[in-house]
$ cat run.cif   # mmCIF, C-alpha atoms and all ligand atoms
data_entry
#
loop_
_atom_site.label_atom_id
_atom_site.label_comp_id
_atom_site.auth_asym_id
_atom_site.auth_seq_id
_atom_site.Cartn_x
_atom_site.Cartn_y
_atom_site.Cartn_z
CA MET A 194 -2.94 -36.03 34.75
CA PRO A 195 -5.56 -36.95 32.19
CA SER A 196 -7.21 -34.04 30.42
CA ALA A 197 -10.25 -32.59 32.08
CA THR A 198 -12.01 -31.53 28.88
CA LYS A 199 -14.68 -34.18 29.19
CA LEU A 200 -15.03 -33.39 32.85
CA GLU A 201 -15.66 -29.70 32.24
CA GLN A 202 -18.94 -30.50 30.62
CA PHE A 203 -19.88 -32.33 33.70
CA VAL A 204 -23.22 -31.25 35.11
CA GLY A 205 -24.64 -32.64 38.31
CA PHE A 206 -21.15 -33.44 39.48
CA ARG A 207 -21.99 -33.68 43.17
CA GLU A 208 -25.03 -35.85 42.53
CA ARG A 209 -22.91 -38.17 40.43
CA VAL A 210 -20.30 -38.55 43.18
CA GLU A 211 -23.06 -39.14 45.74
CA MET A 212 -24.71 -41.71 43.53
CA LEU A 213 -21.48 -43.63 42.92
CA SER A 214 -20.45 -43.56 46.57
CA GLY A 215 -23.79 -43.81 48.33
CA GLU A 216 -22.59 -41.01 50.67
CA ASN A 217 -24.24 -37.72 51.59
CA VAL A 218 -21.55 -35.03 51.39
CA PHE A 219 -23.65 -32.56 53.41
CA ALA A 220 -23.40 -34.80 56.47
CA CYS A 221 -19.85 -33.43 56.88
CA TYR A 222 -19.45 -30.46 59.26
CA GLN A 223 -15.77 -29.84 58.47
CA CYS A 224 -14.27 -30.88 61.80
CA GLY A 225 -11.10 -32.13 60.13
CA MET A 226 -10.83 -35.45 62.00
CA CYS A 227 -10.42 -37.28 58.70
CA THR A 228 -7.40 -35.21 57.73
CA ALA A 229 -5.92 -35.43 61.24
CA GLY A 230 -5.87 -39.23 61.11
CA CYS A 231 -5.01 -39.75 57.46
CA SER A 232 -1.59 -41.37 57.04
CA PHE A 233 -1.40 -40.04 53.51
CA ALA A 234 -2.52 -36.42 54.00
CA ASP A 235 1.09 -35.21 53.76
CA GLU A 236 1.19 -36.44 50.16
CA MET A 237 -2.12 -34.89 49.09
CA ASP A 238 -2.53 -31.59 47.26
CA VAL A 239 -6.08 -31.21 48.54
CA LEU A 240 -6.59 -32.54 52.08
CA PRO A 241 -9.34 -35.06 52.83
CA HIS A 242 -11.69 -32.59 54.58
CA GLN A 243 -11.07 -30.04 51.81
CA VAL A 244 -12.06 -32.61 49.21
CA ILE A 245 -15.43 -32.93 50.90
CA ARG A 246 -15.83 -29.17 51.17
CA GLN A 247 -15.28 -28.81 47.44
CA LEU A 248 -17.76 -31.60 46.80
CA GLN A 249 -20.32 -29.73 48.90
CA LEU A 250 -19.69 -26.66 46.77
CA ASN A 251 -20.19 -28.76 43.66
CA ASN A 252 -16.77 -27.70 42.39
CA TRP A 253 -15.87 -30.30 39.75
CA LYS A 254 -12.29 -29.00 39.67
CA VAL A 255 -11.61 -31.01 42.81
CA LEU A 256 -11.60 -34.02 40.50
CA GLU A 257 -8.15 -32.97 39.35
CA CYS A 258 -6.61 -33.40 42.80
CA ASN A 259 -3.97 -36.09 43.29
CA ALA A 260 -5.60 -37.00 46.61
CA LYS A 261 -7.95 -39.50 44.98
CA TRP A 262 -5.03 -41.55 43.63
CA ILE A 263 -2.99 -41.22 46.83
CA CYS A 264 -5.84 -42.34 49.09
CA ALA A 265 -5.19 -46.01 49.80
CA SER A 266 -8.60 -46.79 51.34
CA CYS A 267 -7.00 -47.36 54.73
CA LEU A 268 -10.30 -46.26 56.34
CA ASN A 269 -8.81 -44.39 59.28
CA CYS A 270 -11.09 -41.50 58.32
CA GLN A 271 -14.16 -43.72 58.05
CA THR A 272 -13.78 -45.20 61.52
CA ARG A 273 -13.17 -41.79 63.13
CA CYS A 274 -15.61 -39.45 61.38
CA PRO A 275 -18.12 -38.26 64.01
CA LYS A 276 -20.72 -37.84 61.26
CA GLY A 277 -20.31 -41.29 59.77
CA VAL A 278 -19.02 -40.06 56.42
CA ASP A 279 -17.05 -42.63 54.45
CA LEU A 280 -14.45 -40.58 52.65
CA SER A 281 -12.85 -43.63 51.10
CA LYS A 282 -16.03 -44.09 49.06
CA LEU A 283 -15.98 -40.48 47.86
CA MET A 284 -12.34 -40.90 46.80
CA GLU A 285 -13.28 -44.10 44.96
CA ALA A 286 -16.17 -42.31 43.24
CA MET A 287 -13.77 -39.64 41.96
CA ARG A 288 -11.38 -42.33 40.71
CA GLN A 289 -14.25 -44.09 39.00
CA ILE A 290 -15.28 -40.93 37.14
CA TYR A 291 -11.84 -41.04 35.51
CA LEU A 292 -11.60 -44.79 35.07
CA ARG A 293 -15.01 -45.08 33.44
CA GLN A 294 -13.79 -42.69 30.77
CA GLN A 295 -10.73 -44.81 30.07
CA MET A 296 -8.46 -42.37 31.87
CA ASP A 297 -6.21 -44.81 33.67
CA ASN A 298 -3.59 -43.80 36.20
CA LEU A 299 -1.20 -46.72 35.89
CA GLU A 300 1.05 -47.52 32.97
CA LEU A 301 2.40 -50.97 33.49
CA ASN A 302 4.00 -51.06 30.04
CA LYS A 303 6.65 -48.71 31.45
CA TYR A 304 7.79 -51.54 33.71
CA SER A 305 10.30 -54.20 32.76
CA ILE A 306 9.42 -57.86 33.24
CA ASP A 307 11.97 -58.03 36.05
CA GLN A 308 10.41 -55.08 37.84
CA ILE A 309 7.00 -56.70 37.60
CA ARG A 310 8.38 -60.00 38.90
CA CYS A 311 9.56 -58.23 42.06
CA LEU A 312 6.07 -56.95 42.82
CA PRO A 313 3.64 -59.16 44.75
CA GLN A 314 0.61 -60.10 42.64
CA ILE A 315 -1.68 -58.91 45.41
CA ALA A 316 -0.29 -55.38 44.91
CA LEU A 317 -0.60 -55.61 41.13
CA VAL A 318 -4.20 -56.81 41.18
CA ALA A 319 -5.13 -54.14 43.75
CA SER A 320 -3.49 -51.43 41.62
CA PHE A 321 -5.36 -52.60 38.54
CA ARG A 322 -8.60 -52.36 40.43
CA LYS A 323 -7.87 -48.94 41.88
CA LYS A 324 -6.14 -47.28 38.95
CA THR A 325 -7.34 -48.85 35.71
CA GLY A 326 -10.81 -49.12 34.22
CA MET B 187 -14.53 -75.37 63.96
CA ASN B 188 -17.84 -75.76 62.22
CA ASN B 189 -17.75 -76.97 58.67
CA ALA B 190 -15.03 -74.59 57.50
CA ALA B 191 -13.22 -74.27 54.18
CA TYR B 192 -9.79 -72.65 54.07
CA PHE B 193 -9.46 -69.96 51.39
CA PRO B 194 -5.74 -69.41 50.62
CA GLY B 195 -5.81 -66.65 48.02
CA CYS B 196 -2.99 -66.00 45.57
CA SER B 197 -0.21 -64.79 47.89
CA LEU B 198 -0.33 -67.84 50.12
CA LYS B 199 0.55 -69.97 47.12
CA ALA B 200 3.40 -67.66 46.12
CA GLU B 201 5.56 -65.41 48.27
CA ALA B 202 3.61 -66.11 51.47
CA GLY B 203 4.19 -69.86 51.38
CA ASP B 204 5.76 -69.71 54.86
CA TYR B 205 2.53 -68.29 56.23
CA GLU B 206 0.53 -71.22 54.83
CA ARG B 207 3.02 -73.90 55.94
CA SER B 208 3.21 -72.60 59.50
CA ALA B 209 -0.57 -72.10 59.73
CA ALA B 210 -1.19 -75.66 58.51
CA ALA B 211 1.22 -77.08 61.09
CA VAL B 212 -0.27 -74.98 63.90
CA MET B 213 -3.85 -75.94 63.07
CA GLU B 214 -2.83 -79.63 62.99
CA VAL B 215 -1.53 -79.28 66.54
CA LEU B 216 -4.76 -77.58 67.57
CA GLY B 217 -6.78 -80.46 66.14
CA GLN B 218 -8.52 -78.39 63.45
CA PRO B 219 -6.54 -79.01 60.25
CA LEU B 220 -7.10 -76.56 57.40
CA GLU B 221 -9.12 -77.99 54.54
CA GLU B 222 -8.64 -76.07 51.34
CA LEU B 223 -11.65 -74.81 49.41
CA GLU B 224 -11.92 -76.52 46.04
CA ARG B 225 -11.59 -74.46 42.85
CA TRP B 226 -11.15 -71.15 44.66
CA THR B 227 -10.23 -68.08 42.63
CA CYS B 228 -8.69 -64.68 43.38
CA CYS B 229 -11.05 -62.57 45.53
CA GLY B 230 -10.03 -59.36 43.76
CA THR B 231 -7.76 -58.24 46.66
CA VAL B 232 -9.52 -54.91 47.29
CA TYR B 233 -13.21 -54.40 47.98
CA SER B 234 -15.02 -52.26 45.41
CA LEU B 235 -16.26 -49.08 47.09
CA THR B 236 -18.82 -48.01 44.50
CA ASP B 237 -22.48 -48.59 45.16
CA ASP B 238 -23.68 -49.02 41.59
CA ASP B 239 -21.18 -51.65 40.50
CA LEU B 240 -21.94 -55.30 41.17
CA MET B 241 -19.40 -56.55 38.65
CA HIS B 242 -16.53 -56.15 41.07
CA GLN B 243 -18.32 -58.26 43.67
CA LEU B 244 -18.49 -61.33 41.45
CA ALA B 245 -15.04 -62.73 42.26
CA SER B 246 -15.90 -62.82 45.96
CA VAL B 247 -19.39 -64.21 45.45
CA ARG B 248 -18.01 -66.99 43.26
CA ASN B 249 -15.87 -68.13 46.18
CA LEU B 250 -18.85 -68.01 48.52
CA ILE B 251 -20.65 -70.27 46.02
CA ARG B 252 -17.66 -72.67 46.06
CA ALA B 253 -18.06 -72.93 49.83
CA GLN B 254 -21.78 -73.53 49.48
CA GLU B 255 -21.13 -76.26 46.88
CA CYS B 256 -18.96 -78.26 49.25
CA GLY B 257 -21.34 -77.81 52.17
CA ALA B 258 -19.06 -75.46 54.11
CA ASP B 259 -20.77 -72.85 56.24
CA GLU B 260 -17.59 -70.88 56.88
CA ILE B 261 -14.65 -69.58 54.89
CA VAL B 262 -11.42 -69.06 56.83
CA THR B 263 -8.65 -66.89 55.43
CA LEU B 264 -5.07 -66.22 56.48
CA CYS B 265 -4.57 -63.14 54.30
CA SER B 266 -6.06 -59.99 55.85
CA MET B 267 -6.86 -58.52 52.45
CA CYS B 268 -8.79 -61.59 51.31
CA PHE B 269 -10.63 -61.56 54.63
CA ASN B 270 -11.66 -57.94 54.15
CA THR B 271 -12.70 -58.28 50.52
CA LEU B 272 -14.67 -61.50 50.94
CA LYS B 273 -16.43 -60.35 54.07
CA ARG B 274 -17.34 -56.89 52.80
CA SER B 275 -18.67 -58.35 49.55
CA LYS B 276 -20.70 -60.89 51.46
CA VAL B 277 -22.26 -58.16 53.61
CA PHE B 278 -22.93 -55.89 50.63
CA ILE B 279 -24.58 -58.60 48.56
CA GLU B 280 -26.64 -60.06 51.39
CA GLN B 281 -27.85 -56.64 52.59
CA ASP B 282 -30.20 -56.22 49.69
CA SER B 283 -32.10 -59.05 48.00
CA ALA B 284 -32.19 -57.15 44.69
CA ARG B 285 -28.37 -57.22 44.56
CA LEU B 286 -28.30 -60.91 45.30
CA GLU B 287 -30.88 -61.58 42.59
CA THR B 288 -28.99 -59.55 39.99
CA VAL B 289 -25.73 -61.30 40.75
CA ASN B 290 -27.34 -64.73 40.64
CA ALA B 291 -29.10 -63.97 37.35
CA PHE B 292 -25.85 -62.72 35.85
CA MET B 293 -23.82 -65.77 36.86
CA ASP B 294 -26.18 -68.24 35.24
CA GLU B 295 -23.39 -70.80 34.90
CA GLU B 296 -23.20 -71.08 38.69
CA GLN B 297 -25.68 -72.36 41.24
CA ASP B 298 -27.45 -69.49 43.02
CA TYR B 299 -25.74 -68.10 46.06
CA GLU B 300 -28.24 -68.45 48.86
CA GLY B 301 -26.43 -66.33 51.42
CA GLY B 302 -25.29 -67.26 54.87
CA VAL B 303 -21.70 -68.43 54.30
CA GLU B 304 -19.67 -66.76 57.06
CA VAL B 305 -16.19 -65.32 56.51
CA PHE B 306 -13.59 -65.44 59.28
CA HIS B 307 -9.95 -64.59 59.67
CA LEU B 308 -7.85 -67.32 61.29
CA LEU B 309 -7.16 -65.09 64.31
CA GLU B 310 -10.88 -64.97 65.09
CA ILE B 311 -11.03 -68.76 64.89
CA LEU B 312 -8.09 -68.96 67.29
CA ARG B 313 -9.77 -66.60 69.75
CA ASP B 314 -13.41 -67.64 69.48
CA GLN B 315 -13.40 -71.29 68.48
CA VAL B 316 -10.07 -72.72 69.63
CA GLY B 317 -9.57 -70.31 72.56
CA PHE B 318 -6.30 -68.74 73.63
CA GLU B 319 -6.19 -70.98 76.74
CA SER B 320 -6.09 -74.09 74.54
CA ILE B 321 -3.30 -72.50 72.53
CA GLU B 322 -1.37 -71.86 75.72
CA GLY B 323 -1.87 -75.52 76.65
CA LYS B 324 -0.14 -76.65 73.45
CA VAL B 325 2.99 -74.55 73.94
CA THR B 326 6.08 -76.73 74.34
CA ARG B 327 8.65 -73.98 73.94
CA PRO B 328 7.46 -70.89 75.82
CA LEU B 329 8.62 -67.70 74.16
CA SER B 330 9.54 -66.14 77.50
CA GLY B 331 11.46 -62.91 77.18
CA LEU B 332 10.65 -62.44 73.50
CA ARG B 333 9.35 -58.92 72.84
CA VAL B 334 6.81 -59.03 70.05
CA ALA B 335 5.15 -56.04 68.34
CA PRO B 336 1.59 -56.74 67.17
CA TYR B 337 1.12 -55.12 63.76
CA TYR B 338 -2.51 -55.02 62.64
CA GLY B 339 -2.45 -52.84 59.54
CA CYS B 340 -5.82 -51.79 58.10
CA THR B 341 -7.86 -54.62 56.72
CA LEU B 342 -8.23 -56.80 59.84
CA LEU B 343 -9.81 -53.92 61.74
CA ARG B 344 -11.54 -51.56 59.34
CA PRO B 345 -14.34 -50.89 58.69
CA ARG B 346 -15.61 -51.47 62.23
CA GLU B 347 -18.67 -53.38 60.94
CA ILE B 348 -16.54 -56.28 59.72
CA GLY B 349 -13.33 -55.86 61.74
CA ILE B 350 -12.18 -58.57 64.13
CA ASP B 351 -11.55 -56.15 67.02
CA GLU B 352 -11.93 -52.49 68.09
CA PRO B 353 -10.31 -50.46 65.26
CA ASP B 354 -8.48 -47.98 67.50
CA THR B 355 -7.76 -50.14 70.55
CA PRO B 356 -7.39 -53.74 69.38
CA THR B 357 -6.12 -56.39 71.80
CA ILE B 358 -6.53 -59.69 69.94
CA LEU B 359 -2.92 -59.94 68.75
CA GLN B 360 -1.54 -58.97 72.16
CA ASP B 361 -3.64 -61.76 73.74
CA PHE B 362 -2.40 -64.21 71.14
CA ILE B 363 1.23 -63.22 71.82
CA ARG B 364 0.66 -63.62 75.57
CA ALA B 365 -0.80 -67.11 75.06
CA LEU B 366 2.57 -68.10 73.58
CA TRP B 367 4.33 -66.72 76.69
CA ALA B 368 5.90 -63.85 74.78
CA THR B 369 5.62 -60.19 75.77
CA PRO B 370 3.48 -57.95 73.56
CA VAL B 371 5.05 -54.56 72.83
CA GLU B 372 2.44 -51.99 71.90
CA PHE B 373 3.51 -49.16 69.61
CA ALA B 374 1.96 -46.04 68.12
CA PHE B 375 1.73 -47.19 64.51
CA GLN B 376 0.35 -50.68 65.06
CA ALA B 377 -2.85 -50.05 63.10
CA GLU B 378 -1.51 -47.56 60.54
CA CYS B 379 -1.28 -48.32 56.83
CA CYS B 380 2.01 -49.69 55.43
CA GLY B 381 1.33 -48.05 52.06
CA THR B 382 -0.29 -51.18 50.55
CA TYR B 383 -0.61 -51.55 46.74
CA GLN B 384 0.94 -48.11 46.18
CA ILE B 385 4.23 -50.03 46.18
CA VAL B 386 3.58 -50.56 42.45
CA ASP B 387 3.82 -46.93 41.38
CA SER B 388 4.82 -44.94 44.50
CA PRO B 389 7.49 -47.05 46.20
CA GLU B 390 9.10 -44.02 47.88
CA MET B 391 5.85 -43.14 49.58
CA VAL B 392 5.32 -46.72 50.74
CA LEU B 393 8.82 -47.00 52.15
CA GLU B 394 8.26 -43.82 54.11
CA LYS B 395 5.01 -45.15 55.61
CA SER B 396 6.60 -48.50 56.41
CA HIS B 397 9.62 -46.79 57.89
CA ARG B 398 7.46 -45.02 60.47
CA ILE B 399 5.92 -48.33 61.48
CA LEU B 400 9.24 -50.15 61.88
CA ASN B 401 10.84 -47.23 63.71
CA SER B 402 7.95 -46.97 66.10
CA ALA B 403 8.06 -50.73 66.85
CA MET B 404 11.82 -50.72 67.37
CA ARG B 405 11.75 -47.67 69.57
CA ALA B 406 9.18 -49.44 71.73
CA GLY B 407 11.78 -52.18 72.16
CA ALA B 408 10.43 -54.99 69.97
CA ASP B 409 12.66 -57.84 68.77
CA VAL B 410 9.97 -59.32 66.58
CA LEU B 411 7.04 -57.89 64.63
CA VAL B 412 4.14 -60.12 63.62
CA THR B 413 1.69 -59.49 60.82
CA SER B 414 -1.18 -61.33 59.15
CA CYS B 415 -0.99 -59.65 55.75
CA PRO B 416 1.26 -60.77 52.88
CA LEU B 417 1.32 -57.27 51.40
CA CYS B 418 2.30 -55.63 54.70
CA MET B 419 4.97 -58.33 54.94
CA HIS B 420 6.33 -57.46 51.51
CA ASN B 421 6.44 -53.72 52.18
CA LEU B 422 7.80 -53.96 55.71
CA ARG B 423 10.55 -56.41 54.78
CA LEU B 424 11.55 -54.32 51.79
CA CYS B 425 11.75 -51.27 54.02
CA TYR B 426 13.67 -53.19 56.68
CA GLU B 427 16.29 -54.24 54.12
CA GLU B 428 16.89 -50.57 53.36
CA LEU B 429 16.91 -49.59 56.99
CA ARG B 430 19.18 -52.33 58.24
CA SER B 431 22.46 -50.85 57.08
CA SER B 432 21.80 -47.78 59.24
CA LEU B 433 20.99 -49.78 62.39
CA PRO B 434 23.56 -50.29 65.14
CA GLU B 435 24.97 -53.79 65.25
CA LYS B 436 22.87 -56.26 67.23
CA ARG B 437 19.78 -54.05 66.82
CA GLU B 438 17.57 -56.23 64.69
CA LEU B 439 13.85 -56.66 64.09
CA SER B 440 12.52 -59.98 62.81
CA ILE B 441 9.36 -59.59 60.76
CA ILE B 442 7.31 -62.80 60.67
CA TYR B 443 3.75 -64.08 60.26
CA LEU B 444 1.75 -64.61 63.41
CA THR B 445 1.44 -68.34 62.73
CA GLN B 446 5.22 -68.62 62.49
CA LEU B 447 5.39 -67.33 66.04
CA ALA B 448 2.94 -70.03 67.19
CA ALA B 449 4.82 -72.69 65.19
CA ILE B 450 8.02 -71.81 67.06
CA ALA B 451 6.20 -72.14 70.40
CA PHE B 452 4.68 -75.49 69.34
CA GLU B 453 7.99 -76.71 67.84
CA VAL B 454 6.45 -77.56 64.48
CA GLU B 455 7.12 -76.53 60.85
CA THR B 456 7.68 -72.77 60.89
CA GLY B 457 8.49 -72.15 57.23
CA GLU B 458 11.61 -70.17 56.51
CA LEU B 459 12.55 -67.71 59.26
CA PRO B 460 14.73 -64.62 58.88
CA THR B 461 18.28 -65.26 60.17
CA SER B 462 17.74 -62.87 63.07
CA MET B 463 14.64 -64.83 64.13
CA ALA B 464 16.45 -68.16 63.89
CA LYS B 465 19.09 -66.73 66.23
CA LEU B 466 16.43 -65.65 68.73
CA VAL B 467 14.87 -69.12 68.60
CA GLU B 468 18.23 -70.73 69.40
CA GLY B 469 18.34 -68.68 72.59
CA LEU B 470 14.97 -70.02 73.79
CA PRO B 471 14.70 -73.05 76.08
CA THR B 472 13.46 -76.20 74.31
CA SER B 473 10.83 -78.57 75.60
CA MET B 474 13.55 -80.97 76.79
CA GLU B 475 15.04 -78.29 79.03
CA LEU B 476 11.65 -77.58 80.55
CA VAL B 477 11.25 -81.11 81.88
CA PRO B 478 12.24 -80.95 85.55
S1 LIG C 501 -14.19 -36.28 59.91
FE1 LIG C 501 -16.21 -36.40 58.89
S2 LIG C 501 -17.32 -34.56 59.53
FE2 LIG C 501 -15.15 -34.21 60.03
S3 LIG C 501 -14.33 -33.15 58.23
FE3 LIG C 501 -13.96 -35.33 57.89
S4 LIG C 501 -15.75 -36.06 56.74
FE4 LIG C 501 -16.27 -34.06 57.61
S1 LIG C 502 -9.13 -43.84 53.44
FE1 LIG C 502 -7.96 -42.37 52.19
S2 LIG C 502 -8.56 -40.36 52.92
FE2 LIG C 502 -9.22 -41.84 54.47
S3 LIG C 502 -7.55 -41.88 55.96
FE3 LIG C 502 -7.15 -43.51 54.48
S4 LIG C 502 -5.85 -42.64 52.88
FE4 LIG C 502 -6.75 -40.93 54.07
#
$ encode --input "run.cif" --output "structure tokens" --more "lines below"
Ligand code: SF4
Ligand code: SF4
Amino acid sequence: MPSATKLEQFVGFRERVEMLSGENVFACYQCGMCTAGCSFADEMDVLPHQVIRQLQLNNWKVLECNAKWICASCLNCQTRCPKGVDLSKLMEAMRQIYLRQQMDNLELNKYSIDQIRCLPQIALVASFRKKTG
Amino acid sequence: MNNAAYFPGCSLKAEAGDYERSAAAVMEVLGQPLEELERWTCCGTVYSLTDDDLMHQLASVRNLIRAQECGADEIVTLCSMCFNTLKRSKVFIEQDSARLETVNAFMDEEQDYEGGVEVFHLLEILRDQVGFESIEGKVTRPLSGLRVAPYYGCTLLRPREIGIDEPDTPTILQDFIRALWATPVEFAFQAECCGTYQIVDSPEMVLEKSHRILNSAMRAGADVLVTSCPLCMHNLRLCYEELRSSLPEKRELSIIYLTQLAAIAFEVETGELPTSMAKLVEGLPTSMELVP
């Protein structure tokens, strides 16, 4: 995990996330439908509905969750949320807060040329866009 | 088809060559040959989900401009991810004239994008412009008895605003399979995520997600699984390779592109088929045998 020192000084955290995502976190009434339908919830340290709750509470520490990198923007949550919240955009906003401070989450130089050759370019380009700034 | 330009995207020119070859052959038969967009570039593969960032929309908009330049009013894609990215970008940019103006001012080397180029996935063209009845009429080798699982994945269906069918209860692939005389086999995980680009740094997680999908399709009794996404194809086939050794003999699942299924039924170029699929095809009656 990248260091959170820069993030600790973060004021107006919730507003920043809302601005980046265009979502209103207070629309959420914590029904948990997003988590129920998320294919990736079992891999997340903070569950999708809990991420929103922490955003409502303006708790910047939620930024440190692995959920934002695990979320694959599958949009199950977005199509099922009774309140029309798009969680995938909130997850992207949290990723962007890292990426815009040059805190990438993908180290391709660890990979050998042969390993990279076995990966489809569509997956590589998507990973660059989701995990590097 | 109206004046449509075919947008291949990167995968179709690399590991998904079989998808392109079979689609081209199928569209020839249907009298609407694919005409490739000139000077297309990568769409970016995933749609940018931030509201303040227009930079990540440029790749898509550039392709919309290419279509405009050649007088095409539609872009048709085979890859589900390209479809999703191009269409969402188009909607985002056209929603707000200020965005369109900013993007046009920034790309001063290009002609202005005027809006209005439509983005379709091939399946929509088959349903809405060609019609599944016409497809049925072109079948020379009915796929009777073949049990086919329709796998949608995410990007064809979600978000609802741009999806080609109801996100939770889609039927378009089942109807397509029926038009080829095969039997659609619905299964629980047909619209769940295969794990997508996470294959780059979390392969274990992706294999687990793909495993659930394959298991669910096989338990429902499918012999074949069709997809429209080159990345789903990569992940599912990789997972299947791992799974195969643990399967009982004769229990196989052939994972192919939806246009390969149609190419088999039309008896045209299918691209390379998995061995298990080739075996299934051998068991089907040919057009000669159908003549009374
Ligand atoms: S489904 Fe919507 S309203 Fe319910 S917890 Fe998730 S974000 Fe909140
Ligand atoms: S978009 Fe992210 S949070 Fe929502 S269901 Fe998919 S993986 Fe889970």
$ interface_residues --input "run.cif" --of "chain A" --to "chain B" --cutoff "10 Å" --atoms "only C-alpha atoms" --output "JSON, numbers by chain"
{"A": [210, 211, 212, 213, 214, 215, 216, 230, 231, 232, 233, 236, 262, 263, 264, 265, 266, 267, 268, 269, 270, 271, 272, 273, 279, 281, 282, 283, 284, 285, 286, 289, 298, 299, 300, 301, 304, 308, 309, 311, 312, 313, 314, 315, 316, 317, 318, 319, 320, 321, 322, 323]}
$ residues_near_ligand --input "run.cif" --ligand "ligand LIG 501 (chain C)" --cutoff "9 Å" --atoms "only C-alpha atoms and all ligand atoms" --output "list of chain:residue names"
A:Val218, A:Phe219, A:Ala220, A:Cys221, A:Tyr222, A:Gln223, A:Cys224, A:Gly225, A:Met226, A:Cys227, A:Thr228, A:Ala229, A:Gly230, A:Pro241, A:His242, A:Gln243, A:Ile245, A:Arg246, A:Cys270, A:Gln271, A:Arg273, A:Cys274, A:Pro275, A:Lys276, A:Gly277, A:Val278, A:Asp279, A:Leu280
$ atom_distance --input "run.cif" --atom1 "atom S4 of ligand LIG 502 (chain C)" --atom2 "CA of Asp351 in chain B"
20.4 Å
$ atom_distance --input "run.cif" --atom1 "CA of Glu428 in chain B" --atom2 "CA of His397 in chain B"
9.4 Å
$ atom_distance --input "run.cif" --atom1 "CA of Asn259 in chain A" --atom2 "CA of Arg398 in chain B"
22.5 Å
$ residues_around --input "run.cif" --residues "Ala190 in chain B" --least-positions-apart "4" --cutoff "8 Å" --atoms "only C-alpha atoms" --output "list in words"
Glu221, Ala258, Asp259, Glu260, Ile261 and Val262 of chain B
$ write_last_selection --input "run.cif" --atoms "C-alpha atoms" --output "compact mmCIF listing (two decimals), keeping the file's coordinate frame"
# COMPACT_ATOMS: atom_id res chain seq x y z
CA GLU B 221 -9.12 -77.99 54.54
CA ALA B 258 -19.06 -75.46 54.11
CA ASP B 259 -20.77 -72.85 56.24
CA GLU B 260 -17.59 -70.88 56.88
CA ILE B 261 -14.65 -69.58 54.89
CA VAL B 262 -11.42 -69.06 56.83
$ closest_residue --input "run.cif" --among "B:Met463, B:Ile399, B:Leu264, B:Ala451" --to "Cys415 in chain B" --atoms "all atoms listed in the file"
B:Leu264
$ residues_near_point --input "run.cif" --point "(-16.4, -60.6, 62.0)" --cutoff "10 Å" --atoms "all atoms listed in the file" --output "PyMOL selection string"
chain B and resi 269-270+273-274+304-307+310+342-343+346-351
